[in-house]
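> Provided below: upload_15.csv, containing CSV, C-alpha atoms (C1' of nucleotides).
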chain,number,residue,atom,x,y,z
I,1,MET,CA,-3.4,17.9,-89.8
I,2,ARG,CA,-5.7,16.3,-87.3
I,3,GLN,CA,-6.6,19.2,-85.0
I,4,GLY,CA,-6.2,22.0,-87.5
I,5,ALA,CA,-7.8,25.4,-87.0
I,6,GLY,CA,-10.9,24.8,-89.1
I,7,THR,CA,-11.9,21.4,-87.7
I,8,ARG,CA,-14.9,20.9,-85.5
I,9,PRO,CA,-13.8,21.0,-81.9
I,10,ARG,CA,-12.8,17.4,-80.9
I,11,GLY,CA,-11.2,19.3,-78.0
I,12,ALA,CA,-12.0,19.0,-74.4
I,13,GLY,CA,-11.8,15.2,-73.7
I,14,ARG,CA,-8.9,14.9,-76.1
I,15,ALA,CA,-6.8,17.4,-74.3
I,16,GLN,CA,-7.4,15.8,-70.9
I,17,LEU,CA,-6.5,12.4,-72.4
I,18,HIS,CA,-3.3,14.1,-73.7
I,19,ASP,CA,-2.3,15.3,-70.3
I,20,THR,CA,-3.1,12.1,-68.5
I,21,ALA,CA,-1.1,10.0,-71.0
I,22,LEU,CA,1.9,12.4,-70.9
I,23,ARG,CA,2.0,12.2,-67.1
I,24,LEU,CA,1.8,8.5,-67.0
I,25,PHE,CA,4.2,7.9,-69.9
I,26,ALA,CA,6.8,10.2,-68.2
I,27,ARG,CA,6.4,8.5,-64.9
I,28,ASP,CA,6.2,4.8,-65.8
I,29,GLY,CA,7.4,4.7,-69.4
I,30,VAL,CA,5.4,4.0,-72.4
I,31,GLU,CA,5.6,0.2,-72.1
I,32,GLY,CA,4.9,0.5,-68.4
I,33,THR,CA,1.6,2.3,-69.1
I,34,SER,CA,-1.2,0.4,-70.6
I,35,LEU,CA,-4.2,2.0,-72.3
I,36,GLN,CA,-6.3,0.4,-69.6
I,37,THR,CA,-4.3,2.3,-67.0
I,38,ILE,CA,-4.8,5.6,-68.8
I,39,ALA,CA,-8.5,4.9,-69.2
I,40,ASP,CA,-8.9,4.0,-65.5
I,41,GLU,CA,-7.1,7.2,-64.5
I,42,MET,CA,-9.6,9.2,-66.5
I,43,GLY,CA,-12.6,7.2,-65.4
I,44,VAL,CA,-13.5,5.9,-68.9
I,45,THR,CA,-12.9,2.7,-70.8
I,46,LYS,CA,-10.2,1.6,-73.2
I,47,ALA,CA,-12.7,1.9,-76.1
I,48,ALA,CA,-13.1,5.5,-75.3
I,49,VAL,CA,-9.4,6.1,-75.8
I,50,TYR,CA,-9.5,4.3,-79.1
I,51,TYR,CA,-12.2,6.7,-80.3
I,52,HIS,CA,-9.6,9.5,-80.1
I,53,TYR,CA,-6.5,7.6,-81.2
I,54,ARG,CA,-6.1,4.9,-83.7
I,55,SER,CA,-3.4,3.1,-81.8
I,56,LYS,CA,-1.1,3.4,-78.9
I,57,ASP,CA,1.7,4.7,-81.2
I,58,ASP,CA,-0.6,7.3,-82.5
I,59,LEU,CA,-1.2,8.5,-78.9
I,60,VAL,CA,2.5,8.6,-78.1
I,61,LEU,CA,3.3,10.6,-81.2
I,62,SER,CA,0.4,13.0,-80.5
I,63,VAL,CA,1.7,13.5,-77.0
I,64,LEU,CA,5.2,14.3,-78.3
I,65,ALA,CA,4.1,16.4,-81.3
I,66,PRO,CA,4.2,19.9,-79.6
I,67,MET,CA,7.8,19.3,-78.7
I,68,PHE,CA,8.8,18.5,-82.2
I,69,GLU,CA,7.2,21.6,-83.5
I,70,GLU,CA,9.2,23.6,-81.0
I,71,LEU,CA,12.3,21.7,-81.8
I,72,ASP,CA,12.0,22.5,-85.4
I,73,ALA,CA,11.5,26.2,-84.6
I,74,VAL,CA,14.7,26.2,-82.5
I,75,VAL,CA,16.7,24.7,-85.4
I,76,ARG,CA,15.3,27.2,-87.9
I,77,LYS,CA,16.0,30.2,-85.6
I,78,THR,CA,19.5,28.8,-85.0
I,79,GLU,CA,20.3,28.5,-88.7
I,80,ALA,CA,19.1,32.1,-89.3
I,81,HIS,CA,22.2,33.5,-87.6
I,82,ARG,CA,25.4,34.1,-89.5
I,83,SER,CA,28.2,33.7,-87.0
I,84,ARG,CA,28.8,30.4,-85.3
I,85,PRO,CA,29.0,31.9,-81.8
I,86,ALA,CA,25.6,33.5,-82.4
I,87,ARG,CA,24.2,30.2,-83.6
I,88,LEU,CA,25.5,28.4,-80.6
I,89,GLU,CA,24.0,30.9,-78.2
I,90,GLU,CA,20.7,30.8,-80.0
I,91,PHE,CA,20.7,27.0,-79.9
I,92,LEU,CA,21.6,26.9,-76.2
I,93,THR,CA,18.9,29.3,-75.1
I,94,GLY,CA,16.4,27.8,-77.4
I,95,MET,CA,17.0,24.3,-76.2
I,96,VAL,CA,16.9,25.3,-72.6
I,97,THR,CA,13.6,27.1,-73.0
I,98,LEU,CA,12.3,24.0,-74.9
I,99,ILE,CA,13.3,21.7,-72.1
I,100,VAL,CA,11.9,23.8,-69.4
I,101,ASP,CA,8.6,24.1,-71.2
I,102,ASN,CA,8.5,20.4,-72.3
I,103,HIS,CA,10.5,18.6,-69.7
I,104,SER,CA,8.2,15.6,-69.6
I,105,ARG,CA,8.1,15.2,-73.3
I,106,PHE,CA,11.9,15.7,-73.7
I,107,ALA,CA,12.5,13.3,-70.9
I,108,MET,CA,10.4,10.7,-72.8
I,109,LEU,CA,12.4,11.4,-75.9
I,110,VAL,CA,15.9,10.9,-74.4
I,111,ARG,CA,15.0,8.3,-71.7
I,112,ASP,CA,12.2,6.0,-73.0
I,113,PRO,CA,13.5,3.0,-75.0
I,114,TYR,CA,10.1,2.6,-76.6
I,115,VAL,CA,10.1,6.2,-77.8
I,116,SER,CA,13.7,5.8,-79.1
I,117,ARG,CA,12.6,2.9,-81.3
I,118,LEU,CA,9.5,4.7,-82.4
I,119,MET,CA,11.5,7.6,-83.5
I,120,GLU,CA,13.7,5.5,-85.7
I,121,SER,CA,10.7,4.5,-87.8
I,122,HIS,CA,8.9,7.8,-87.7
I,123,LEU,CA,11.5,10.6,-87.5
I,124,ASP,CA,15.1,10.7,-88.4
I,125,LEU,CA,16.6,12.1,-85.3
I,126,VAL,CA,20.1,11.1,-86.3
I,127,ALA,CA,19.7,13.4,-89.4
I,128,TRP,CA,18.4,16.2,-87.1
I,129,PHE,CA,21.4,15.8,-84.8
I,130,HIS,CA,23.8,15.9,-87.7
I,131,ARG,CA,22.1,19.1,-88.9
I,132,ILE,CA,22.7,20.6,-85.5
I,133,VAL,CA,26.3,19.5,-85.3
I,134,THR,CA,27.2,20.9,-88.7
I,135,SER,CA,25.2,24.2,-88.6
I,136,VAL,CA,25.9,25.0,-84.9
I,137,GLY,CA,29.5,23.9,-85.0
I,138,ALA,CA,29.3,22.4,-81.6
I,139,GLY,CA,30.1,18.7,-81.7
I,140,THR,CA,32.3,19.0,-84.8
I,141,ASP,CA,35.3,17.7,-82.8
I,142,LEU,CA,35.1,14.7,-80.5
I,143,PRO,CA,35.2,16.6,-77.2
I,144,GLY,CA,32.6,19.1,-78.4
I,145,ARG,CA,30.4,16.2,-79.5
I,146,ALA,CA,30.7,14.5,-76.1
I,147,ALA,CA,29.7,17.7,-74.4
I,148,LEU,CA,26.8,18.3,-76.7
I,149,LEU,CA,25.5,14.7,-76.1
I,150,ILE,CA,25.8,15.1,-72.3
I,151,PHE,CA,24.0,18.4,-72.5
I,152,LEU,CA,21.1,17.1,-74.6
I,153,SER,CA,20.6,13.9,-72.6
I,154,GLY,CA,21.3,15.3,-69.2
I,155,MET,CA,19.4,18.6,-69.0
I,156,THR,CA,16.1,17.0,-68.1
I,157,ALA,CA,17.4,15.4,-64.9
I,158,PRO,CA,17.5,18.6,-62.7
I,159,LEU,CA,13.9,19.3,-63.7
I,160,SER,CA,12.8,16.1,-61.9
I,161,ASP,CA,14.4,17.2,-58.7
I,162,PRO,CA,12.0,18.3,-55.9
I,163,GLU,CA,14.0,21.4,-55.1
I,164,MET,CA,14.1,22.4,-58.8
I,165,VAL,CA,10.5,21.9,-59.7
I,166,ALA,CA,9.6,24.4,-57.0
I,167,LEU,CA,11.5,27.2,-58.9
I,168,GLU,CA,10.0,29.6,-61.3
I,169,PRO,CA,10.6,28.7,-65.0
I,170,ALA,CA,12.9,31.7,-65.3
I,171,GLU,CA,15.1,30.5,-62.5
I,172,GLN,CA,15.2,27.0,-63.9
I,173,ARG,CA,16.3,28.4,-67.2
I,174,GLU,CA,19.1,30.3,-65.5
I,175,LEU,CA,20.4,27.2,-63.8
I,176,LEU,CA,20.4,25.2,-67.0
I,177,LEU,CA,22.0,27.9,-69.0
I,178,ASP,CA,24.9,28.2,-66.6
I,179,CYS,CA,25.5,24.4,-66.8
I,180,GLY,CA,25.1,24.5,-70.6
I,181,ARG,CA,27.6,27.4,-70.9
I,182,ARG,CA,30.2,25.7,-68.8
I,183,LEU,CA,29.8,22.4,-70.6
I,184,LEU,CA,29.9,23.8,-74.1
I,185,GLN,CA,32.4,26.5,-73.1
I,186,ILE,CA,30.5,29.6,-74.0
I,187,ARG,CA,31.6,32.9,-72.6
I,188,ARG,CA,28.8,34.8,-71.0
I,189,ARG,CA,27.3,37.6,-73.1
N,1,MET,CA,26.6,-14.1,-52.4
N,2,ARG,CA,25.2,-16.1,-55.3
N,3,GLN,CA,28.2,-16.7,-57.5
N,4,GLY,CA,30.9,-16.5,-54.8
N,5,ALA,CA,34.4,-17.8,-55.1
N,6,GLY,CA,33.8,-21.1,-53.4
N,7,THR,CA,30.5,-22.2,-55.1
N,8,ARG,CA,30.3,-25.0,-57.5
N,9,PRO,CA,30.5,-23.4,-61.0
N,10,ARG,CA,27.0,-22.6,-62.2
N,11,GLY,CA,28.9,-20.4,-64.5
N,12,ALA,CA,29.1,-20.8,-68.3
N,13,GLY,CA,25.5,-20.7,-69.4
N,14,ARG,CA,24.7,-18.3,-66.7
N,15,ALA,CA,27.3,-15.8,-67.8
N,16,GLN,CA,26.2,-16.0,-71.4
N,17,LEU,CA,22.6,-15.4,-70.3
N,18,HIS,CA,23.8,-12.4,-68.3
N,19,ASP,CA,25.5,-10.8,-71.3
N,20,THR,CA,22.6,-11.5,-73.7
N,21,ALA,CA,20.1,-10.0,-71.2
N,22,LEU,CA,22.2,-7.0,-70.6
N,23,ARG,CA,22.6,-6.3,-74.3
N,24,LEU,CA,18.9,-6.6,-75.0
N,25,PHE,CA,17.8,-4.7,-71.9
N,26,ALA,CA,20.1,-1.8,-72.8
N,27,ARG,CA,18.9,-1.7,-76.4
N,28,ASP,CA,15.1,-2.2,-76.1
N,29,GLY,CA,14.5,-1.5,-72.4
N,30,VAL,CA,13.5,-4.1,-69.8
N,31,GLU,CA,9.8,-4.0,-70.6
N,32,GLY,CA,10.6,-4.1,-74.3
N,33,THR,CA,12.5,-7.3,-73.8
N,34,SER,CA,10.6,-10.5,-73.0
N,35,LEU,CA,12.2,-13.6,-71.5
N,36,GLN,CA,11.1,-15.3,-74.7
N,37,THR,CA,13.2,-12.9,-76.8
N,38,ILE,CA,16.2,-13.5,-74.6
N,39,ALA,CA,15.8,-17.3,-74.8
N,40,ASP,CA,15.4,-17.1,-78.6
N,41,GLU,CA,18.5,-15.1,-78.9
N,42,MET,CA,20.4,-17.8,-77.0
N,43,GLY,CA,18.8,-20.6,-78.8
N,44,VAL,CA,17.2,-22.1,-75.7
N,45,THR,CA,13.6,-22.0,-74.3
N,46,LYS,CA,12.1,-19.7,-71.7
N,47,ALA,CA,12.1,-22.5,-69.2
N,48,ALA,CA,15.8,-22.8,-69.4
N,49,VAL,CA,16.0,-19.1,-68.4
N,50,TYR,CA,13.8,-19.8,-65.4
N,51,TYR,CA,16.2,-22.5,-64.2
N,52,HIS,CA,18.8,-19.8,-63.7
N,53,TYR,CA,16.6,-17.0,-62.4
N,54,ARG,CA,13.5,-17.1,-60.2
N,55,SER,CA,11.9,-14.2,-62.0
N,56,LYS,CA,12.4,-11.4,-64.5
N,57,ASP,CA,13.2,-9.0,-61.7
N,58,ASP,CA,15.8,-11.4,-60.3
N,59,LEU,CA,17.4,-11.4,-63.7
N,60,VAL,CA,17.4,-7.6,-64.0
N,61,LEU,CA,18.9,-7.2,-60.5
N,62,SER,CA,21.5,-9.8,-61.3
N,63,VAL,CA,22.5,-8.0,-64.4
N,64,LEU,CA,22.8,-4.7,-62.6
N,65,ALA,CA,24.6,-6.2,-59.5
N,66,PRO,CA,28.2,-5.7,-60.6
N,67,MET,CA,27.6,-2.0,-61.1
N,68,PHE,CA,26.2,-1.6,-57.6
N,69,GLU,CA,29.2,-3.2,-56.1
N,70,GLU,CA,31.4,-0.8,-57.9
N,71,LEU,CA,29.2,2.1,-57.0
N,72,ASP,CA,29.5,1.2,-53.4
N,73,ALA,CA,33.3,1.0,-53.7
N,74,VAL,CA,33.4,4.4,-55.3
N,75,VAL,CA,31.4,5.9,-52.5
N,76,ARG,CA,33.6,4.3,-49.8
N,77,LYS,CA,36.8,5.4,-51.5
N,78,THR,CA,35.4,8.9,-51.8
N,79,GLU,CA,34.5,9.2,-48.1
N,80,ALA,CA,38.0,8.0,-47.1
N,81,HIS,CA,39.5,11.3,-48.2
N,82,ARG,CA,39.7,14.2,-45.7
N,83,SER,CA,39.4,17.4,-47.8
N,84,ARG,CA,36.4,18.2,-50.0
N,85,PRO,CA,38.3,18.9,-53.2
N,86,ALA,CA,40.0,15.5,-52.8
N,87,ARG,CA,36.6,13.8,-52.3
N,88,LEU,CA,35.2,15.5,-55.3
N,89,GLU,CA,38.1,14.5,-57.4
N,90,GLU,CA,38.0,10.9,-56.2
N,91,PHE,CA,34.2,10.8,-56.9
N,92,LEU,CA,34.6,12.2,-60.4
N,93,THR,CA,37.3,9.9,-61.5
N,94,GLY,CA,35.6,6.9,-59.8
N,95,MET,CA,32.3,7.6,-61.4
N,96,VAL,CA,33.9,8.1,-64.9
N,97,THR,CA,35.7,4.8,-64.6
N,98,LEU,CA,32.5,3.1,-63.4
N,99,ILE,CA,30.5,4.5,-66.3
N,100,VAL,CA,33.1,3.6,-68.9
N,101,ASP,CA,33.3,0.0,-67.5
N,102,ASN,CA,29.6,-0.4,-67.0
N,103,HIS,CA,28.0,2.0,-69.5
N,104,SER,CA,25.2,-0.4,-70.5
N,105,ARG,CA,24.3,-1.1,-66.9
N,106,PHE,CA,24.5,2.6,-65.9
N,107,ALA,CA,22.4,3.6,-68.9
N,108,MET,CA,19.8,1.1,-67.7
N,109,LEU,CA,19.8,2.6,-64.3
N,110,VAL,CA,19.4,6.2,-65.4
N,111,ARG,CA,17.3,5.7,-68.5
N,112,ASP,CA,14.9,2.7,-68.0
N,113,PRO,CA,11.7,3.5,-66.3
N,114,TYR,CA,11.2,-0.1,-65.2
N,115,VAL,CA,14.6,-0.1,-63.5
N,116,SER,CA,13.8,3.2,-61.8
N,117,ARG,CA,10.7,1.7,-60.3
N,118,LEU,CA,12.5,-1.5,-59.4
N,119,MET,CA,15.1,0.4,-57.5
N,120,GLU,CA,12.6,2.2,-55.4
N,121,SER,CA,11.5,-1.1,-53.9
N,122,HIS,CA,14.9,-2.8,-53.8
N,123,LEU,CA,17.5,-0.1,-53.2
N,124,ASP,CA,17.2,3.4,-51.8
N,125,LEU,CA,19.0,5.4,-54.5
N,126,VAL,CA,17.7,8.6,-53.1
N,127,ALA,CA,19.5,7.9,-49.8
N,128,TRP,CA,22.6,7.0,-51.8
N,129,PHE,CA,22.4,10.3,-53.7
N,130,HIS,CA,22.0,12.2,-50.5
N,131,ARG,CA,25.0,10.5,-49.1
N,132,ILE,CA,27.0,11.7,-52.1
N,133,VAL,CA,25.8,15.2,-51.9
N,134,THR,CA,26.6,15.7,-48.3
N,135,SER,CA,29.9,13.9,-48.2
N,136,VAL,CA,31.3,15.1,-51.5
N,137,GLY,CA,29.9,18.6,-51.1
N,138,ALA,CA,28.9,18.9,-54.7
N,139,GLY,CA,25.2,19.6,-55.0
N,140,THR,CA,24.9,21.3,-51.6
N,141,ASP,CA,23.8,24.5,-53.3
N,142,LEU,CA,21.2,24.4,-56.1
N,143,PRO,CA,23.5,25.2,-59.0
N,144,GLY,CA,25.9,22.5,-57.9
N,145,ARG,CA,23.0,20.1,-57.5
N,146,ALA,CA,21.8,20.8,-61.0
N,147,ALA,CA,25.3,20.2,-62.4
N,148,LEU,CA,25.7,17.0,-60.5
N,149,LEU,CA,22.3,15.7,-61.8
N,150,ILE,CA,23.2,16.5,-65.3
N,151,PHE,CA,26.6,14.8,-64.9
N,152,LEU,CA,25.1,11.6,-63.5
N,153,SER,CA,22.3,11.3,-66.0
N,154,GLY,CA,24.1,12.5,-69.1
N,155,MET,CA,27.5,10.9,-68.9
N,156,THR,CA,26.3,7.7,-70.6
N,157,ALA,CA,25.1,9.4,-73.7
N,158,PRO,CA,28.5,9.9,-75.4
N,159,LEU,CA,29.3,6.2,-74.9
N,160,SER,CA,26.5,5.3,-77.2
N,161,ASP,CA,27.9,7.4,-80.0
N,162,PRO,CA,29.5,5.4,-82.9
N,163,GLU,CA,32.6,7.7,-82.9
N,164,MET,CA,33.0,7.3,-79.2
N,165,VAL,CA,32.6,3.5,-78.9
N,166,ALA,CA,35.6,3.2,-81.3
N,167,LEU,CA,37.9,4.8,-78.8
N,168,GLU,CA,40.1,3.1,-76.2
N,169,PRO,CA,38.6,3.2,-72.7
N,170,ALA,CA,41.4,5.5,-71.5
N,171,GLU,CA,40.4,8.0,-74.2
N,172,GLN,CA,36.8,7.7,-73.3
N,173,ARG,CA,37.7,8.4,-69.7
N,174,GLU,CA,39.6,11.5,-70.7
N,175,LEU,CA,36.8,13.0,-72.6
N,176,LEU,CA,34.3,12.4,-69.9
N,177,LEU,CA,36.6,13.7,-67.2
N,178,ASP,CA,37.0,17.0,-69.2
N,179,CYS,CA,33.3,17.4,-69.4
N,180,GLY,CA,32.8,16.5,-65.8
N,181,ARG,CA,35.5,19.0,-64.6
N,182,ARG,CA,33.9,21.8,-66.6
N,183,LEU,CA,30.4,21.0,-65.4
N,184,LEU,CA,31.4,20.6,-61.8
N,185,GLN,CA,34.0,23.4,-62.0
N,186,ILE,CA,37.0,21.5,-60.9
N,187,ARG,CA,40.4,22.9,-61.6
N,188,ARG,CA,42.7,20.4,-63.3
N,189,ARG,CA,45.3,18.7,-61.1
Y,1,DG,C1',20.3,-28.3,-67.5
Y,2,DT,C1',17.0,-28.2,-70.9
Y,3,DC,C1',12.7,-29.5,-72.8
Y,4,DT,C1',7.2,-29.6,-73.8
Y,5,DA,C1',3.0,-28.1,-72.3
Y,6,DT,C1',0.1,-25.1,-70.2
Y,7,DA,C1',-2.0,-22.1,-66.8
Y,8,DG,C1',-3.5,-17.5,-65.9
Y,9,DA,C1',-3.3,-12.7,-66.5
Y,10,DA,C1',-2.8,-8.6,-69.3
Y,11,DG,C1',-1.9,-6.3,-73.4
Y,12,DG,C1',-3.6,-4.0,-78.0
Y,13,DA,C1',-7.3,-3.6,-80.9
Y,14,DT,C1',-12.2,-4.1,-83.1
Y,15,DA,C1',-17.5,-4.6,-83.6
Y,16,DG,C1',-21.6,-3.0,-82.6
Y,17,DA,C1',-25.2,-1.1,-79.3
Y,18,DC,C1',-26.6,3.2,-77.1
G,1,DG,C1',-18.6,10.1,-77.5
G,2,DT,C1',-18.8,6.4,-74.6
G,3,DC,C1',-20.1,1.7,-73.5
G,4,DT,C1',-20.0,-3.8,-73.3
G,5,DA,C1',-18.2,-7.7,-75.1
G,6,DT,C1',-14.9,-10.1,-77.5
G,7,DC,C1',-10.6,-11.6,-80.2
G,8,DC,C1',-6.1,-12.6,-80.6
G,9,DT,C1',-1.6,-12.2,-79.1
G,10,DT,C1',2.0,-12.1,-75.8
G,11,DC,C1',3.7,-12.1,-71.3
G,12,DT,C1',5.3,-14.1,-66.8
G,13,DA,C1',5.6,-18.2,-64.4
G,14,DT,C1',5.0,-23.3,-63.2
G,15,DA,C1',4.7,-28.5,-63.6
G,16,DG,C1',6.7,-32.4,-64.8
G,17,DA,C1',9.3,-35.4,-68.3
G,18,DC,C1',14.0,-36.5,-70.0
Go ahead and render the structure in this file as structure tokens.

Amino acid sequence: MRQGAGTRPRGAGRAQLHDTALRLFARDGVEGTSLQTIADEMGVTKAAVYYHYRSKDDLVLSVLAPMFEELDAVVRKTEAHRSRPARLEEFLTGMVTLIVDNHSRFAMLVRDPYVSRLMESHLDLVAWFHRIVTSVGAGTDLPGRAALLIFLSGMTAPLSDPEMVALEPAEQRELLLDCGRRLLQIRRR
Amino acid sequence: MRQGAGTRPRGAGRAQLHDTALRLFARDGVEGTSLQTIADEMGVTKAAVYYHYRSKDDLVLSVLAPMFEELDAVVRKTEAHRSRPARLEEFLTGMVTLIVDNHSRFAMLVRDPYVSRLMESHLDLVAWFHRIVTSVGAGTDLPGRAALLIFLSGMTAPLSDPEMVALEPAEQRELLLDCGRRLLQIRRR
DNA sequence: GTCTATAGAAGGATAGAC
DNA sequence: GTCTATCCTTCTATAGAC
């Protein structure tokens, strides 16, 4: 735990750095964003960035961290349900909320080749995906699996559209939910 | 036309280079793949690569070129139909075939941040997308637009799945077509 | 068509002053 | 917590021999 509750506040500058890095990573990709560029954007030097983060990978992982916490919460809440339809519904709504709240982070995860490689060595996403498939039931057969993959990798795209970003989060959720239900063939509650 | 029908065959080495570059670009991203790495993989030197391509961007664009030709063909065939349902059906089947035949190239286009930036300066994809939306009719309203964006950016994901790559192209097309029809709400012929 | 050699810039990362 | 200065590596790209 680096920024735990009891630690002395390392806070303000670090949070700003966080946001700047996220924005640039999402726009230009991790390998298209140098620490120099991030530092310039913030009006500080590279060395100042290295005070807060040991390495570029450390920065990337810190930027993504909030999403992984939420991802873990979604999976746990999903597995708490007994029936498969209930699990699928919980998973769908949970993921849509996660993506709306973390669309830059999730876009990095599914789009950025550097992040994909980083995950292979730091987090076993394949195991996580398998856990979803078996517990949720979606993706057990090949057509369901295809639909689930399209859902997971495609849902961030609408949130980059100018007309979509102007909407309220609640409206964004509704649009994504409709698409997700059609794709995964879930009848409306 | 660089490798037109009548030109003296620059072919063999160039085609190999093409395939190697495509494979590495798709796996590690354009910025995660140096010309040195490509040369090493082929057992030649960097300078040999520069004999065939003026710059890295030139190589990237050459690798993507076949897809853009096919993309243009899909749009033209789509616009040739008179009714909107027929256009939508033509667009869907055309895009699915394109993605199955060019899944690495299309994945580069929708996933790689470097390619996205390169396109902004070399091809107006936004204009192309607008042409699709207006002529096909899908995406005219916001929900339709969201579905179309999910479709376009998500369809490559299943083709990276181990179970999916083992299938025949015809089977891959069927799976993607089913998902596309559900997402875009097209009744089966 | 491929090589060696190298220029020139930019990247990640560290040391040590303030 | 931020700076200057520096190190080492890697990158794109070019020149010129074979």
> Please determine the contact residues of chain G with respect to chain N at a cut-off of 10 Å, counting all atoms listed in the file, and supply them as a PDB file with C-alpha atoms (C1' of nucleotides), in the coordinates of the input.

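part.pdb, freshly written:
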ATOM      1  C1'  DT G  10       2.000 -12.100 -75.800  1.00  0.00           C
ATOM      2  C1'  DC G  11       3.700 -12.100 -71.300  1.00  0.00           C
ATOM      3  C1'  DT G  12       5.300 -14.100 -66.800  1.00  0.00           C
ATOM      4  C1'  DA G  13       5.600 -18.200 -64.400  1.00  0.00           C
ATOM      5  C1'  DT G  14       5.000 -23.300 -63.200  1.00  0.00           C
TER       6       DT G  14
END
> Which residues of chain G sit at most 9 Å from stretch 12-16 of chain Y, using all atoms listed in the file? Give each one's shortest atom pair and distance in Å (one decimal place), in chain and ascending residue order, as JSON lines.

{"residue": "G:DT6", "atom": "C1'", "partner": "Y:DA15", "partner_atom": "C1'", "distance": 8.6}
{"residue": "G:DC7", "atom": "C1'", "partner": "Y:DT14", "partner_atom": "C1'", "distance": 8.2}
{"residue": "G:DT9", "atom": "C1'", "partner": "Y:DG12", "partner_atom": "C1'", "distance": 8.5}
> Any chance you could export the current selection's C-alpha atoms (C1' of nucleotides) as a compact mmCIF listing (two decimals), in the frame of the given file?

# COMPACT_ATOMS: atom_id res chain seq x y z
C1' DT G 6 -14.90 -10.10 -77.50
C1' DC G 7 -10.60 -11.60 -80.20
C1' DT G 9 -1.60 -12.20 -79.10
> Please measure the separation of atom CA of I:Leu17 and atom CA of I:Leu71, giving the value in Å to one decimal.
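Value for the atom CA of I:Leu17-atom CA of I:Leu71 distance: 23.0 Å.
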> May I have the residues of chain N within 7 Å of chain I, counting only C-alpha atoms, written as a PyMOL selection string?
chain N and resi 28-29+31-32+111-113+143+146-147+149-151+153-155+157-158+175+179+182-183
> Taking into account only C-alpha atoms (C1' of nucleotides), which residue in the set I:Leu177, I:Val49, I:Ala80, I:Val63 is nearest to chain Y?
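Counting only C-alpha atoms (C1' of nucleotides), the residue closest to chain Y is I:Val49.
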> Kindly give the distance, in Å, that separates atom CA of I:Ala73 and atom CA of I:Thr134, rounded to a single decimal.
17.1 Å
> Only residues of chain N matter here; which ones have an atom within 12 Å of chain Y, counting all atoms listed in the file? Give them as a short mmCIF file (atom, residue, chain, number, x, y, z; two decimals) with C-alpha atoms, in the coordinates of the input.

data_model
loop_
_atom_site.label_atom_id
_atom_site.label_comp_id
_atom_site.auth_asym_id
_atom_site.auth_seq_id
_atom_site.Cartn_x
_atom_site.Cartn_y
_atom_site.Cartn_z
CA ARG N 10 27.00 -22.60 -62.20
CA ALA N 12 29.10 -20.80 -68.30
CA GLY N 13 25.50 -20.70 -69.40
CA ARG N 14 24.70 -18.30 -66.70
CA ALA N 39 15.80 -17.30 -74.80
CA GLY N 43 18.80 -20.60 -78.80
CA VAL N 44 17.20 -22.10 -75.70
CA THR N 45 13.60 -22.00 -74.30
CA LYS N 46 12.10 -19.70 -71.70
CA ALA N 47 12.10 -22.50 -69.20
CA ALA N 48 15.80 -22.80 -69.40
CA VAL N 49 16.00 -19.10 -68.40
CA TYR N 50 13.80 -19.80 -65.40
CA TYR N 51 16.20 -22.50 -64.20
CA HIS N 52 18.80 -19.80 -63.70
#
> State, in Å with one decimal place, the distance from atom CA of I:Leu64 to atom CA of N:Arg105.
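Distance between the two atoms: 27.1 Å.
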> For stretch 91-100 of chain I, supply N, CA and C atoms and report the output as a PDB file, keeping the file's coordinate frame.

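Everything below was put into selection_39.pdb:
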ATOM      1  N   PHE I  91      21.047  28.415 -80.141  1.00  0.00           N
ATOM      2  CA  PHE I  91      20.700  27.000 -79.900  1.00  0.00           C
ATOM      3  C   PHE I  91      20.612  26.692 -78.437  1.00  0.00           C
ATOM      4  N   LEU I  92      21.596  27.139 -77.682  1.00  0.00           N
ATOM      5  CA  LEU I  92      21.600  26.900 -76.200  1.00  0.00           C
ATOM      6  C   LEU I  92      20.355  27.437 -75.562  1.00  0.00           C
ATOM      7  N   THR I  93      20.098  28.725 -75.778  1.00  0.00           N
ATOM      8  CA  THR I  93      18.900  29.300 -75.100  1.00  0.00           C
ATOM      9  C   THR I  93      17.630  28.728 -75.605  1.00  0.00           C
ATOM     10  N   GLY I  94      17.575  28.440 -76.896  1.00  0.00           N
ATOM     11  CA  GLY I  94      16.400  27.800 -77.400  1.00  0.00           C
ATOM     12  C   GLY I  94      16.102  26.455 -76.850  1.00  0.00           C
ATOM     13  N   MET I  95      17.143  25.648 -76.743  1.00  0.00           N
ATOM     14  CA  MET I  95      17.000  24.300 -76.200  1.00  0.00           C
ATOM     15  C   MET I  95      16.614  24.338 -74.721  1.00  0.00           C
ATOM     16  N   VAL I  96      17.217  25.253 -73.984  1.00  0.00           N
ATOM     17  CA  VAL I  96      16.900  25.300 -72.600  1.00  0.00           C
ATOM     18  C   VAL I  96      15.440  25.723 -72.360  1.00  0.00           C
ATOM     19  N   THR I  97      14.977  26.681 -73.136  1.00  0.00           N
ATOM     20  CA  THR I  97      13.600  27.100 -73.000  1.00  0.00           C
ATOM     21  C   THR I  97      12.667  25.890 -73.410  1.00  0.00           C
ATOM     22  N   LEU I  98      13.033  25.198 -74.489  1.00  0.00           N
ATOM     23  CA  LEU I  98      12.300  24.000 -74.900  1.00  0.00           C
ATOM     24  C   LEU I  98      12.160  22.988 -73.811  1.00  0.00           C
ATOM     25  N   ILE I  99      13.298  22.713 -73.174  1.00  0.00           N
ATOM     26  CA  ILE I  99      13.300  21.700 -72.100  1.00  0.00           C
ATOM     27  C   ILE I  99      12.529  22.084 -70.914  1.00  0.00           C
ATOM     28  N   VAL I 100      12.651  23.358 -70.537  1.00  0.00           N
ATOM     29  CA  VAL I 100      11.900  23.800 -69.400  1.00  0.00           C
ATOM     30  C   VAL I 100      10.382  23.755 -69.659  1.00  0.00           C
TER      31      VAL I 100
END
